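Working notes, beginning with the structure itself.
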Amino acid sequence: MTPDLIVLAETIHTLDDQHRREPVQAVAVTDGTITAVGSREDAQGWRGSGTRVVDLGSATLTPGLVDCHIHPVFGLDLTVGVDLSGASTLDDVRSLLRSQSGNDDDWLRGWGLNPNVFGTLPMHRNVLDDVSGGKPALIRLFDGHSAIANSRALELADVHGSHEFEQASEVVCDADGVPTGLLLEAAAMELVQRHIPQESFERRKARLSELFRDFARSGLTGGHIMDHSEESSELFRALEAEGELPLRLRSAPWCMPGTTEDDWKELARSIGTGGRRWSVEAIKLFVDGTVDNGTAWLHEPDLYGESTAPFWPRPEEYSAAVHYFAARGIPTATHSIGDAGVSHVLDALESLRATVPADVMNRTVHRIEHLETVPDELVERFKGSGVVASMQPTHCTHYSLADHSDNWSTRLGTERANRAWRCRDVREAGVVLGIGSDWPIAPFQPLPIMADARLRRRSGHPGQEPIAPSQALTALQALEGYTSHAAKAAGLWEVSGSITVGKRADFTAFELDPLSAAPDDFAASSVLATFVDGEIQFLLDRTA
């Protein structure tokens, strides 16, 4: 059969063992599927009168990059107002908020706030009260699990003291029972969030469309979305009605504490729904929060006596939910950051083998997201478990420091901080390791993330000391985290993740070779093209 498309490049890394000993410089595609892999000479015999040939010259082509952990629709809410991620001091924060408060919006909004800017000072609403110009204000911290509301916002929301929730959330109060403005976890933030005027559907659709185009320009051909709602479905359908999504999306709606088997049944019914390039394929759960705001689940408390409780007040109900979905062959992905949390998730997943048929277990992928601090024995438990690890290298390189002076490390203490993001140990244990950004918690651009995974410091900052350098990935392991291991993390290795005849024709083309370029150079280089189903989603104009 004559191919629709032939892609040529000086170097092609197939991530398929059968091609590792022979140079590959050409790939043929027919109806969105790879139909031939070979040399430039081979390609001359494939070409027909209707074949399009894309010659990328000196570029390097790989399987398409897939971010294993993103929140594009949820991120629309988290990225409203002024971007505070670049602020390094409280004065920077106040200056940015003061400028933002002059806008015509009824609320002062901001996002990406790093708790390290507070130093030893407590996070308090007075940071906002004197710069908000009388407006209600809500500022999201970088972790997505916490926010600061000013006095006016708390008044509008009728929040005057502590609250009780079905999940581990908290309206933080001072010694007199007065809210400080710090809101921990989703239920607490929602008390204020529900009073903020909502964007129009058309505006949200336009923002999401541009975000997806930015994803494609960055080199991404797919993403594992760790949330889903009816609005997500409506937005994806609307975008597909106007054209094709520029990347594949695999979503996982949340299963939260306080839900019942009837709720789980509704979530299960959503599995397999979707459109041309998006589908609901898994369930996302949380077993803890974050180290930075004291809501992780640790075996021993942090420096402030916090992070000792699970997100599910009755963790046995979390385990019951996992069993419900696993028994039906539905993959799960659990947010778990602290050692006690990871241990409980592994307990739950290991117990499945006693009740779930082997054929169902063998075809269902279960994942743990984040794993920020775990001891040797937990890494060892991953061996042979079949559980996938999904980690975000830039959470380490952007928000922690080698000298342990950052908030994350200070809270944990030296011993646990030295266990930071054990990517290499997980890989050496033979575990599938998917890599991602957790956007908007950290930037989504995959090239700097792959570089940071190798450097254990922020790419482009050669003067920074690496953080736990023994945990650096090799160049191949970093690329696999976005390609072959990303496919395995989604149970899709049979159809994607390598440039192999019969698999999907999803590719990313680079200016520099990700396996041989110096990490800092690679991080700063260009993506030349992305292909999904053999169709060009982005092609860099090198004549401009």
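By convention here, the chains of the structure tokens are called A, B, ... in the order presented, each chain's residues are numbered starting at 1, and ligands are numbered starting at 1 in the order presented.
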Problem set entry | Near-Gln193 in chain A list (9 Å; only C-alpha atoms; drop same-chain fewer than 4 positions) as an MDAnalysis selection string | chainID A and resid 138 157 189 197
For this session: Identify, on the basis of only C-alpha atoms, every residue whose closest approach to Phe286 in chain A does not exceed 8 Å; exclude the query and any residue fewer than 5 positions from it along the same chain; express the result as a PyMOL selection string.
Result: chain A and resi 255-256+311-312+334-336
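With only C-alpha atoms as the atoms that count, the minimum distance from Ser95 in chain A to the choices A:Glu306, A:Val127, A:Glu10, A:Arg276 is reached by A:Val127.
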Residue contacts of Leu128 in chain A (12 Å, only C-alpha atoms) excluding same-chain residues fewer than 6 positions away, as a PDB file with N, CA and C atoms, in the first residue's frame:
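Wrote it out as out-v2.pdb, contents follow:
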ATOM      1  N   LEU A  90       8.490  38.624  49.334  1.00  0.00           N
ATOM      2  CA  LEU A  90       7.153  39.169  49.608  1.00  0.00           C
ATOM      3  C   LEU A  90       6.964  40.534  48.967  1.00  0.00           C
ATOM      4  N   ASP A  91       8.029  41.311  48.899  1.00  0.00           N
ATOM      5  CA  ASP A  91       7.915  42.609  48.229  1.00  0.00           C
ATOM      6  C   ASP A  91       7.563  42.428  46.758  1.00  0.00           C
ATOM      7  N   VAL A  93       5.851  39.944  45.548  1.00  0.00           N
ATOM      8  CA  VAL A  93       4.449  39.529  45.524  1.00  0.00           C
ATOM      9  C   VAL A  93       3.534  40.740  45.686  1.00  0.00           C
ATOM     10  N   ARG A  94       3.826  41.569  46.656  1.00  0.00           N
ATOM     11  CA  ARG A  94       2.978  42.741  46.908  1.00  0.00           C
ATOM     12  C   ARG A  94       2.973  43.680  45.705  1.00  0.00           C
ATOM     13  N   SER A  95       4.113  43.861  45.083  1.00  0.00           N
ATOM     14  CA  SER A  95       4.193  44.747  43.922  1.00  0.00           C
ATOM     15  C   SER A  95       3.335  44.221  42.776  1.00  0.00           C
ATOM     16  N   LEU A  96       3.425  42.919  42.511  1.00  0.00           N
ATOM     17  CA  LEU A  96       2.629  42.328  41.433  1.00  0.00           C
ATOM     18  C   LEU A  96       1.138  42.406  41.734  1.00  0.00           C
ATOM     19  N   LEU A  97       0.762  42.146  42.983  1.00  0.00           N
ATOM     20  CA  LEU A  97      -0.654  42.199  43.347  1.00  0.00           C
ATOM     21  C   LEU A  97      -1.191  43.615  43.328  1.00  0.00           C
ATOM     22  N   ARG A  98      -0.378  44.555  43.745  1.00  0.00           N
ATOM     23  CA  ARG A  98      -0.805  45.957  43.726  1.00  0.00           C
ATOM     24  C   ARG A  98      -1.096  46.402  42.291  1.00  0.00           C
ATOM     25  N   GLN A 100      -1.913  44.388  39.801  1.00  0.00           N
ATOM     26  CA  GLN A 100      -3.077  43.641  39.325  1.00  0.00           C
ATOM     27  C   GLN A 100      -4.373  44.208  39.881  1.00  0.00           C
ATOM     28  N   SER A 101      -4.341  44.735  41.077  1.00  0.00           N
ATOM     29  CA  SER A 101      -5.576  45.234  41.708  1.00  0.00           C
ATOM     30  C   SER A 101      -6.138  46.438  40.978  1.00  0.00           C
ATOM     31  N   TRP A 107     -12.634  40.895  41.396  1.00  0.00           N
ATOM     32  CA  TRP A 107     -11.790  40.160  42.340  1.00  0.00           C
ATOM     33  C   TRP A 107     -10.324  40.333  41.975  1.00  0.00           C
ATOM     34  N   LEU A 108      -9.472  40.310  42.993  1.00  0.00           N
ATOM     35  CA  LEU A 108      -8.038  40.258  42.785  1.00  0.00           C
ATOM     36  C   LEU A 108      -7.636  38.784  42.801  1.00  0.00           C
ATOM     37  N   ARG A 109      -7.012  38.338  41.713  1.00  0.00           N
ATOM     38  CA  ARG A 109      -6.641  36.937  41.586  1.00  0.00           C
ATOM     39  C   ARG A 109      -5.151  36.812  41.277  1.00  0.00           C
ATOM     40  N   GLY A 110      -4.574  35.725  41.694  1.00  0.00           N
ATOM     41  CA  GLY A 110      -3.183  35.430  41.394  1.00  0.00           C
ATOM     42  C   GLY A 110      -2.943  33.947  41.554  1.00  0.00           C
ATOM     43  N   GLY A 134      -9.437  47.126  48.380  1.00  0.00           N
ATOM     44  CA  GLY A 134     -10.813  46.910  48.816  1.00  0.00           C
ATOM     45  C   GLY A 134     -11.516  45.761  48.131  1.00  0.00           C
ATOM     46  N   LYS A 135     -10.884  45.138  47.154  1.00  0.00           N
ATOM     47  CA  LYS A 135     -11.500  44.011  46.452  1.00  0.00           C
ATOM     48  C   LYS A 135     -11.330  42.720  47.252  1.00  0.00           C
ATOM     49  N   PRO A 136     -12.251  41.773  47.095  1.00  0.00           N
ATOM     50  CA  PRO A 136     -11.985  40.436  47.612  1.00  0.00           C
ATOM     51  C   PRO A 136     -10.849  39.827  46.809  1.00  0.00           C
ATOM     52  N   ALA A 137     -10.030  39.025  47.456  1.00  0.00           N
ATOM     53  CA  ALA A 137      -8.857  38.457  46.786  1.00  0.00           C
ATOM     54  C   ALA A 137      -8.706  36.992  47.136  1.00  0.00           C
ATOM     55  N   LEU A 138      -8.297  36.211  46.149  1.00  0.00           N
ATOM     56  CA  LEU A 138      -7.961  34.805  46.355  1.00  0.00           C
ATOM     57  C   LEU A 138      -6.719  34.505  45.528  1.00  0.00           C
ATOM     58  N   ILE A 139      -5.673  34.063  46.206  1.00  0.00           N
ATOM     59  CA  ILE A 139      -4.394  33.784  45.563  1.00  0.00           C
ATOM     60  C   ILE A 139      -4.086  32.299  45.738  1.00  0.00           C
ATOM     61  N   ALA A 147      -4.590  27.975  49.118  1.00  0.00           N
ATOM     62  CA  ALA A 147      -4.827  29.344  48.658  1.00  0.00           C
ATOM     63  C   ALA A 147      -4.860  30.271  49.869  1.00  0.00           C
ATOM     64  N   ILE A 148      -4.685  31.548  49.598  1.00  0.00           N
ATOM     65  CA  ILE A 148      -4.830  32.578  50.628  1.00  0.00           C
ATOM     66  C   ILE A 148      -5.948  33.519  50.201  1.00  0.00           C
ATOM     67  N   ALA A 149      -6.921  33.713  51.070  1.00  0.00           N
ATOM     68  CA  ALA A 149      -8.017  34.652  50.824  1.00  0.00           C
ATOM     69  C   ALA A 149      -7.836  35.864  51.724  1.00  0.00           C
ATOM     70  N   ASN A 150      -8.198  37.043  51.223  1.00  0.00           N
ATOM     71  CA  ASN A 150      -8.086  38.229  52.079  1.00  0.00           C
ATOM     72  C   ASN A 150      -9.342  38.362  52.947  1.00  0.00           C
ATOM     73  N   SER A 151      -9.333  39.367  53.797  1.00  0.00           N
ATOM     74  CA  SER A 151     -10.425  39.530  54.765  1.00  0.00           C
ATOM     75  C   SER A 151     -11.760  39.742  54.069  1.00  0.00           C
ATOM     76  N   ARG A 152     -11.765  40.517  52.978  1.00  0.00           N
ATOM     77  CA  ARG A 152     -13.000  40.802  52.256  1.00  0.00           C
ATOM     78  C   ARG A 152     -13.576  39.529  51.638  1.00  0.00           C
ATOM     79  N   ALA A 153     -12.711  38.669  51.083  1.00  0.00           N
ATOM     80  CA  ALA A 153     -13.179  37.424  50.484  1.00  0.00           C
ATOM     81  C   ALA A 153     -13.768  36.498  51.544  1.00  0.00           C
ATOM     82  N   LEU A 154     -13.127  36.408  52.698  1.00  0.00           N
ATOM     83  CA  LEU A 154     -13.653  35.571  53.773  1.00  0.00           C
ATOM     84  C   LEU A 154     -15.005  36.092  54.249  1.00  0.00           C
ATOM     85  N   THR A 180      -6.966  32.713  59.333  1.00  0.00           N
ATOM     86  CA  THR A 180      -5.771  33.448  58.886  1.00  0.00           C
ATOM     87  C   THR A 180      -5.844  33.807  57.412  1.00  0.00           C
ATOM     88  N   GLY A 181      -6.778  33.181  56.690  1.00  0.00           N
ATOM     89  CA  GLY A 181      -6.866  33.348  55.245  1.00  0.00           C
ATOM     90  C   GLY A 181      -6.309  32.167  54.486  1.00  0.00           C
ATOM     91  N   LEU A 182      -5.510  31.326  55.156  1.00  0.00           N
ATOM     92  CA  LEU A 182      -4.931  30.159  54.498  1.00  0.00           C
ATOM     93  C   LEU A 182      -5.976  29.043  54.431  1.00  0.00           C
TER      94      LEU A 182
END
Exercise. Among range 61-274 of chain A, which residues carry a DSSP assignment of helix (DSSP H, G or I), reported as a ChimeraX atom specification?
Worked result: /A:72-78,90-100,115-118,126-129,151-156,186-193,201-217,230-241,261-270
Problem set entry | For CA of Ser307 in chain A and CA of Arg125 in chain A, the interatomic separation in Å (one decimal) | 22.3 Å
For this session: Might you pull out every residue within 7 Å of Phe507 in chain A, with only C-alpha atoms counted and same-chain residues fewer than 6 positions away left off, and present them as a list in words?
Result: Leu61, Thr62, Pro63, Gly64, Thr530, Phe531 and Val532 of chain A
For the selection just defined, write its residues with C-alpha atoms to a file, as a compact mmCIF listing (two decimals), in the first residue's frame.
# COMPACT_ATOMS: atom_id res chain seq x y z
CA LEU A 61 12.75 12.19 15.34
CA THR A 62 11.36 10.17 18.27
CA PRO A 63 8.00 8.74 19.27
CA GLY A 64 5.66 11.55 20.24
CA THR A 530 4.91 17.25 16.03
CA PHE A 531 2.74 14.68 14.27
CA VAL A 532 -0.40 12.95 15.55
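Closest to Ser526 in chain A among A:Pro446, A:Gly275, A:Gly436, A:Gly38 is A:Pro446, based on only C-alpha atoms.
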